[in-house]
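Here's the structure, in C-alpha cells; my notes come after.
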Amino acid sequence: MSNKLNIAIAGLGTVGVGVFKILTREKELISRRTGREIEIVAVSAQNKDKDRGIDLSNIQWLDNAVDLASLDNADLLVELVGGSDGTAKSLAEATLKNGKHFVTANKALIAKHGFNLAELAEKNNCSLLFDAAVAGGVPVLKTIKEGLVANNISKISGILNGTCNFIISVMSKTGRAFDDVLREAQDKGYAEADPSFDIDGIDTAHKLTILSSLCFGTKPAFNKAYIEGIRNLKIEDINFAKKLGFSIKLLGVSNILDNKEVELRVHPTLISQNHELANVEDALGGIKVECDALGPLVMTGAGAGMYETASSVIADICDVAAERKTFPLGISVKNLEQAGYSEIEDHSGEYYLRFEVKDEDGVLSSMASLFSKHGVGFGKVTQEAIDDKSANVILLTHKETEKYVVESLKDIEKEDYCLSKPIMIRIER
Ligand code: HSE
C-alpha cells in the first residue's frame, strides 16, 4: 500500500463528527477501496472540551482553524465550518495557495466564490471538491461531472432543501401551521443556523447555482438567481393543489432557453402528482436532470444529516486518496462561459392563481375580461365557497409570459370584489 493521505478537519459540528466517526469505523474498508490509508492528523473546532463522543486524544488540536492550512503534515483540508465568507473563505484560499487539496460541504462558499477558488485550485494543481454541498448524501455532482460527461444537459430541477420539504410535507399531511412545523425542523437539526436561509430559498439558490454551473459549463452566478421562499405558502393552496392533482414543492430550476439564456429560479412550484419528484417527502431531496443521450435521470435520497452528508464528504476525500482528478466546476475555469440570464418576468409557463373574492354576479366575467385584456388564457376554473358572502376562485392558466399574468393580477386586485392579494404559484411539467 502506498503512503497515507493525511487530512485535517475544520469544524466538528454534526457533519464533522459524522466524517470523523465513519473514517474511524470504516478505516479498513476505505483503505481497501482507495488503495491508501486515510489518517486524521489535526482538527479545529469552537470548543475543545465539548464531549462529541469521539476520541481526539492522538490528534493535534488547533484553536484557529485557518492555521490548519499551513500544517506541514496535512495533505488535504476538510472545511465544515460553513458561511460564505470569514473563516471558511480564508481557509479555502490559504489551503489551495499552500498546494493542499480542499474538500467542503459549504454551498454558500462555492456558490459565491466557487469560480475564484476553482481558479486557485487549478493554478496550484489541487483538488477542490464539494459534492456534499448539494443534496447532502446524494452524489449528484460526481454523477453530473463524471457519469453524465457525454451528455448535453438542458434542464435541472431539484428539491434541494430538506427543511422546506419537511415543512411543506408535514403541513400537507397534518394541516399544522408553518411556524409550528419550522420549529420541529429546527429541533430535528435540518435547518441552517439562520433558518431564513432555508425558508426564504437562499440555501436552495446556493445549491442550484452550483448545479447550473456544472450542468451548463457556465460561471456560477448566484446573484442572477430569482429567489422566492415558502414563508407565504398557505395551507389552503397546498390543499387546493392536491385536489387539482398537484403537489407543491420548493423547487430550484435551471434551464437553457431557445435564445441560449439561462433561467435560474427558486420558488414554490406545483408539480403533477405523477412527476418524479412529487413523492419526495419529508427531509429527503430529489434532483431531475434532463440529458440528451441518457434522457431524464432522477436521483433522490437524504439531502441533509450527519452520516448522510459525511458519506459525500468522504467520497470526495477518497477521490483525492485514489488520485481521481476532475476540474472543480466540471470543465476548466478557462473554458467556463459567462451565460446571459433571463428575467423572471419573461418566464413562460403555466400558473396556479387563487383569488379571494366577493361571491356576487359579474365577478368571473370581470376577471375573464381583465385576463383577456392582457392576452392571458386559462384552462381550468374552480370555485369554492369560503362563507355565504365570499369564495376562492382558482384558475390554471395556459402557458403564458409571466409579466402579462402579473399585470392581470394587479388589475384584478384593484377591483372592489377582490378581498386580498391574489396568490400566484408557478407550475412545472
Ligand atoms: N439546511 C439545509 C437543508 C441543510 O435543510 O437542506 C443541508 O444543506
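The way I read the labels, and the way they are meant: chains A, B, ... in the order of the C-alpha cells, residue 1 as the first residue of every chain, and ligand 1 as the first ligand shown, with later ones counted on from there.
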Legend entry - Spatial neighbours of Glu308 of chain A, max dist 12 Å, only C-alpha atoms, sep filter under 2 positions, as a ChimeraX atom specification: /A:14-19,22,105,131-139,283-285,301-306,310-315
For the residues selected in the previous step, produce a file with N, CA, C and O atoms as a CSV table (one decimal), in the first residue's frame.
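The result, stored in selection25.csv:
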chain,number,residue,atom,x,y,z
A,14,THR,N,-22.3,18.7,13.5
A,14,THR,CA,-22.9,17.4,13.1
A,14,THR,C,-22.2,16.7,12.0
A,14,THR,O,-21.8,15.5,12.1
A,15,VAL,N,-21.9,17.3,10.9
A,15,VAL,CA,-21.2,16.7,9.7
A,15,VAL,C,-19.8,16.3,10.1
A,15,VAL,O,-19.3,15.2,9.7
A,16,GLY,N,-19.1,17.2,10.7
A,16,GLY,CA,-17.7,16.9,11.1
A,16,GLY,C,-17.5,15.7,11.9
A,16,GLY,O,-16.7,14.8,11.7
A,17,VAL,N,-18.4,15.5,12.9
A,17,VAL,CA,-18.4,14.3,13.8
A,17,VAL,C,-18.8,13.1,12.9
A,17,VAL,O,-18.2,12.0,13.1
A,18,GLY,N,-19.7,13.3,12.0
A,18,GLY,CA,-20.1,12.1,11.2
A,18,GLY,C,-18.9,11.7,10.3
A,18,GLY,O,-18.6,10.5,10.2
A,19,VAL,N,-18.1,12.6,9.8
A,19,VAL,CA,-17.0,12.3,9.0
A,19,VAL,C,-15.9,11.5,9.8
A,19,VAL,O,-15.4,10.5,9.5
A,22,ILE,N,-17.2,7.9,10.7
A,22,ILE,CA,-17.2,6.9,9.6
A,22,ILE,C,-15.7,6.6,9.2
A,22,ILE,O,-15.3,5.5,9.0
A,105,ALA,N,-18.4,21.0,2.4
A,105,ALA,CA,-19.8,20.8,2.3
A,105,ALA,C,-20.5,22.2,2.2
A,105,ALA,O,-21.7,22.3,2.3
A,131,ASP,N,-19.0,17.8,-3.2
A,131,ASP,CA,-20.2,17.1,-3.5
A,131,ASP,C,-21.3,17.2,-2.4
A,131,ASP,O,-22.5,17.2,-2.6
A,132,ALA,N,-20.8,17.2,-1.2
A,132,ALA,CA,-21.7,17.3,0.0
A,132,ALA,C,-22.5,18.6,0.1
A,132,ALA,O,-23.4,18.8,0.8
A,133,ALA,N,-22.0,19.6,-0.7
A,133,ALA,CA,-22.7,20.9,-0.7
A,133,ALA,C,-24.1,20.9,-1.3
A,133,ALA,O,-24.9,21.7,-1.0
A,134,VAL,N,-24.3,19.9,-2.2
A,134,VAL,CA,-25.6,19.9,-2.9
A,134,VAL,C,-26.2,18.5,-2.7
A,134,VAL,O,-25.6,17.5,-3.0
A,135,ALA,N,-27.4,18.5,-2.2
A,135,ALA,CA,-28.2,17.3,-1.9
A,135,ALA,C,-27.5,16.3,-0.9
A,135,ALA,O,-27.7,15.1,-1.0
A,136,GLY,N,-26.8,16.9,0.0
A,136,GLY,CA,-26.2,16.1,1.1
A,136,GLY,C,-25.5,14.9,0.7
A,136,GLY,O,-24.5,14.9,0.0
A,137,GLY,N,-26.1,13.7,1.0
A,137,GLY,CA,-25.5,12.4,0.7
A,137,GLY,C,-25.7,11.9,-0.7
A,137,GLY,O,-25.0,11.0,-1.1
A,138,VAL,N,-26.5,12.6,-1.5
A,138,VAL,CA,-26.8,12.1,-2.8
A,138,VAL,C,-25.7,12.6,-3.8
A,138,VAL,O,-25.5,13.8,-3.9
A,139,PRO,N,-24.9,11.7,-4.4
A,139,PRO,CA,-23.7,12.1,-5.1
A,139,PRO,C,-24.0,12.7,-6.5
A,139,PRO,O,-23.6,12.2,-7.5
A,283,ALA,N,-37.7,15.2,4.9
A,283,ALA,CA,-36.4,15.9,4.7
A,283,ALA,C,-35.6,15.4,3.5
A,283,ALA,O,-34.4,15.7,3.3
A,284,LEU,N,-36.2,14.5,2.7
A,284,LEU,CA,-35.5,14.0,1.6
A,284,LEU,C,-35.3,15.0,0.5
A,284,LEU,O,-36.1,16.0,0.4
A,285,GLY,N,-34.3,14.8,-0.4
A,285,GLY,CA,-34.1,15.7,-1.5
A,285,GLY,C,-34.2,14.9,-2.8
A,285,GLY,O,-34.2,13.7,-2.8
A,301,GLY,N,-32.7,11.0,-2.3
A,301,GLY,CA,-32.1,10.5,-1.1
A,301,GLY,C,-32.0,11.6,0.0
A,301,GLY,O,-32.5,12.7,-0.2
A,302,ALA,N,-31.2,11.3,1.0
A,302,ALA,CA,-31.1,12.2,2.1
A,302,ALA,C,-30.3,13.4,1.7
A,302,ALA,O,-29.1,13.4,1.4
A,303,GLY,N,-31.0,14.6,1.9
A,303,GLY,CA,-30.3,15.8,1.5
A,303,GLY,C,-29.6,16.5,2.6
A,303,GLY,O,-29.0,17.5,2.5
A,304,ALA,N,-29.7,15.9,3.8
A,304,ALA,CA,-29.1,16.5,5.0
A,304,ALA,C,-28.9,15.4,6.0
A,304,ALA,O,-29.3,14.3,5.8
A,305,GLY,N,-28.2,15.7,7.1
A,305,GLY,CA,-28.0,14.7,8.1
A,305,GLY,C,-26.5,14.4,8.4
A,305,GLY,O,-25.7,14.6,7.5
A,306,MET,N,-26.2,13.8,9.5
A,306,MET,CA,-24.8,13.6,10.0
A,306,MET,C,-24.1,12.6,9.1
A,306,MET,O,-23.1,12.9,8.4
A,310,ALA,N,-21.8,13.1,5.6
A,310,ALA,CA,-20.5,12.6,5.7
A,310,ALA,C,-20.1,11.7,4.6
A,310,ALA,O,-19.0,11.6,4.2
A,311,SER,N,-21.1,10.9,4.2
A,311,SER,CA,-20.9,9.9,3.1
A,311,SER,C,-20.3,10.6,1.9
A,311,SER,O,-19.4,10.1,1.3
A,312,SER,N,-20.9,11.8,1.5
A,312,SER,CA,-20.4,12.5,0.4
A,312,SER,C,-19.1,13.2,0.6
A,312,SER,O,-18.2,13.2,-0.3
A,313,VAL,N,-18.9,13.7,1.8
A,313,VAL,CA,-17.6,14.3,2.1
A,313,VAL,C,-16.5,13.3,2.0
A,313,VAL,O,-15.4,13.5,1.4
A,314,ILE,N,-16.7,12.1,2.5
A,314,ILE,CA,-15.7,11.0,2.5
A,314,ILE,C,-15.5,10.6,1.0
A,314,ILE,O,-14.3,10.3,0.6
A,315,ALA,N,-16.5,10.5,0.2
A,315,ALA,CA,-16.3,10.1,-1.2
A,315,ALA,C,-15.4,11.1,-1.8
A,315,ALA,O,-14.5,10.7,-2.7
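For segment 84-91 of chain A, the residues within 6 Å (counting only C-alpha atoms, excluding itself and residues fewer than 5 positions away along the chain) are Val66, Ala108 and Leu109 of chain A.
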Could the residues in this selection be written to a file with N, CA and C atoms, as a compact mmCIF listing (two decimals), in the first residue's frame?
# COMPACT_ATOMS: atom_id res chain seq x y z
N VAL A 66 -7.83 28.46 10.65
CA VAL A 66 -7.05 28.88 9.48
C VAL A 66 -5.61 28.34 9.55
N ALA A 108 -22.74 27.82 0.34
CA ALA A 108 -22.70 29.28 0.22
C ALA A 108 -21.33 29.72 -0.28
N LEU A 109 -20.28 29.10 0.23
CA LEU A 109 -18.90 29.43 -0.18
C LEU A 109 -18.71 29.17 -1.69
Inset, instruction - Counting only C-alpha atoms and all ligand atoms, figure out which residue out of A:Gly147, A:Gly53, A:Gly35, A:Pro195 gets nearest to ligand 1. - result: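 Using only C-alpha atoms and all ligand atoms, ligand 1 sits closest to A:Pro195.
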Inset, instruction - Pick out the residues no farther than 6 Å from ligand 1, counting only C-alpha atoms and all ligand atoms, and list them as JSON, numbers by chain. - result: {"A": [136, 161, 162, 163, 190, 191, 192, 198, 303, 304]}
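Every protein, DNA or RNA residue with an atom at most 10 Å from segment 173-183 of chain A, where only C-alpha atoms count and chain neighbours fewer than 5 positions away do not, is listed here: A:Thr163, A:Cys164, A:Phe166, A:Ile167, A:Ile168, A:Lys188, A:Gly189, A:Tyr190, A:Ala191, A:Pro195, A:Asp198, A:Ile199, A:Ile230, A:Arg231, A:Asn232, A:Leu233, A:Lys234, A:Ile235, A:Glu236, A:Ile238, A:Asn239.
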Kindly save the residues from that selection, with C-alpha atoms included, as a JSON list (two decimals), in the first residue's frame.
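Resulting contents of out-v2.json:
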[["chain", "number", "residue", "atom", "x", "y", "z"],
["A", 163, "THR", "CA", -36.10, 21.91, 5.86],
["A", 164, "CYS", "CA", -38.56, 23.33, 3.34],
["A", 166, "PHE", "CA", -40.14, 18.77, 5.60],
["A", 167, "ILE", "CA", -42.28, 21.83, 6.38],
["A", 168, "ILE", "CA", -44.41, 21.51, 3.24],
["A", 188, "LYS", "CA", -34.53, 17.87, 14.22],
["A", 189, "GLY", "CA", -31.37, 19.72, 13.15],
["A", 190, "TYR", "CA", -32.30, 20.16, 9.47],
["A", 191, "ALA", "CA", -32.36, 23.95, 9.45],
["A", 195, "PRO", "CA", -33.36, 29.35, 9.17],
["A", 198, "ASP", "CA", -33.86, 27.71, 4.28],
["A", 199, "ILE", "CA", -37.35, 29.18, 4.20],
["A", 230, "ILE", "CA", -42.02, 29.35, 1.28],
["A", 231, "ARG", "CA", -42.69, 31.93, 4.02],
["A", 232, "ASN", "CA", -46.01, 32.96, 2.45],
["A", 233, "LEU", "CA", -47.15, 29.50, 1.42],
["A", 234, "LYS", "CA", -50.68, 28.87, 2.67],
["A", 235, "ILE", "CA", -52.20, 25.58, 3.71],
["A", 236, "GLU", "CA", -55.23, 26.43, 1.52],
["A", 238, "ILE", "CA", -51.41, 23.06, -0.60],
["A", 239, "ASN", "CA", -54.93, 21.61, -0.24]]
Inset, instruction - Report as a ChimeraX atom specification: the residues of segment 137-384 of chain A with a DSSP assignment of strand (DSSP E), based on the backbone of this structure. - result: /A:153-159,226-227,246-256,262-272,284-291,296-302,348-358,378-384
Counting only C-alpha atoms, what is within 9 Å of Gly245 of chain A, bar same-chain residues fewer than 2 positions away, as a PDB file with N, CA and C atoms, in the first residue's frame?
ATOM      1  N   PHE A 240     -55.734  22.974  -2.097  1.00  0.00           N
ATOM      2  CA  PHE A 240     -56.356  23.132  -3.423  1.00  0.00           C
ATOM      3  C   PHE A 240     -55.507  22.438  -4.485  1.00  0.00           C
ATOM      4  N   ALA A 241     -54.180  22.592  -4.372  1.00  0.00           N
ATOM      5  CA  ALA A 241     -53.279  21.960  -5.352  1.00  0.00           C
ATOM      6  C   ALA A 241     -53.501  20.448  -5.339  1.00  0.00           C
ATOM      7  N   LYS A 242     -53.607  19.888  -4.146  1.00  0.00           N
ATOM      8  CA  LYS A 242     -53.817  18.434  -4.008  1.00  0.00           C
ATOM      9  C   LYS A 242     -55.099  18.011  -4.733  1.00  0.00           C
ATOM     10  N   LYS A 243     -56.180  18.796  -4.498  1.00  0.00           N
ATOM     11  CA  LYS A 243     -57.455  18.455  -5.146  1.00  0.00           C
ATOM     12  C   LYS A 243     -57.350  18.515  -6.663  1.00  0.00           C
ATOM     13  N   SER A 247     -48.747  18.434  -6.334  1.00  0.00           N
ATOM     14  CA  SER A 247     -48.067  18.627  -5.044  1.00  0.00           C
ATOM     15  C   SER A 247     -47.349  19.963  -5.143  1.00  0.00           C
ATOM     16  N   ILE A 271     -46.227  20.700  -8.960  1.00  0.00           N
ATOM     17  CA  ILE A 271     -45.849  19.646  -9.912  1.00  0.00           C
ATOM     18  C   ILE A 271     -46.938  18.575  -9.850  1.00  0.00           C
ATOM     19  N   SER A 272     -47.172  17.967 -10.986  1.00  0.00           N
ATOM     20  CA  SER A 272     -48.219  16.948 -11.042  1.00  0.00           C
ATOM     21  C   SER A 272     -47.896  15.823 -10.065  1.00  0.00           C
ATOM     22  N   GLN A 273     -48.935  15.203  -9.520  1.00  0.00           N
ATOM     23  CA  GLN A 273     -48.677  14.096  -8.598  1.00  0.00           C
ATOM     24  C   GLN A 273     -47.991  12.919  -9.301  1.00  0.00           C
ATOM     25  N   ASN A 274     -47.939  12.940 -10.652  1.00  0.00           N
ATOM     26  CA  ASN A 274     -47.199  11.899 -11.395  1.00  0.00           C
ATOM     27  C   ASN A 274     -45.742  12.279 -11.647  1.00  0.00           C
TER      28      ASN A 274
END
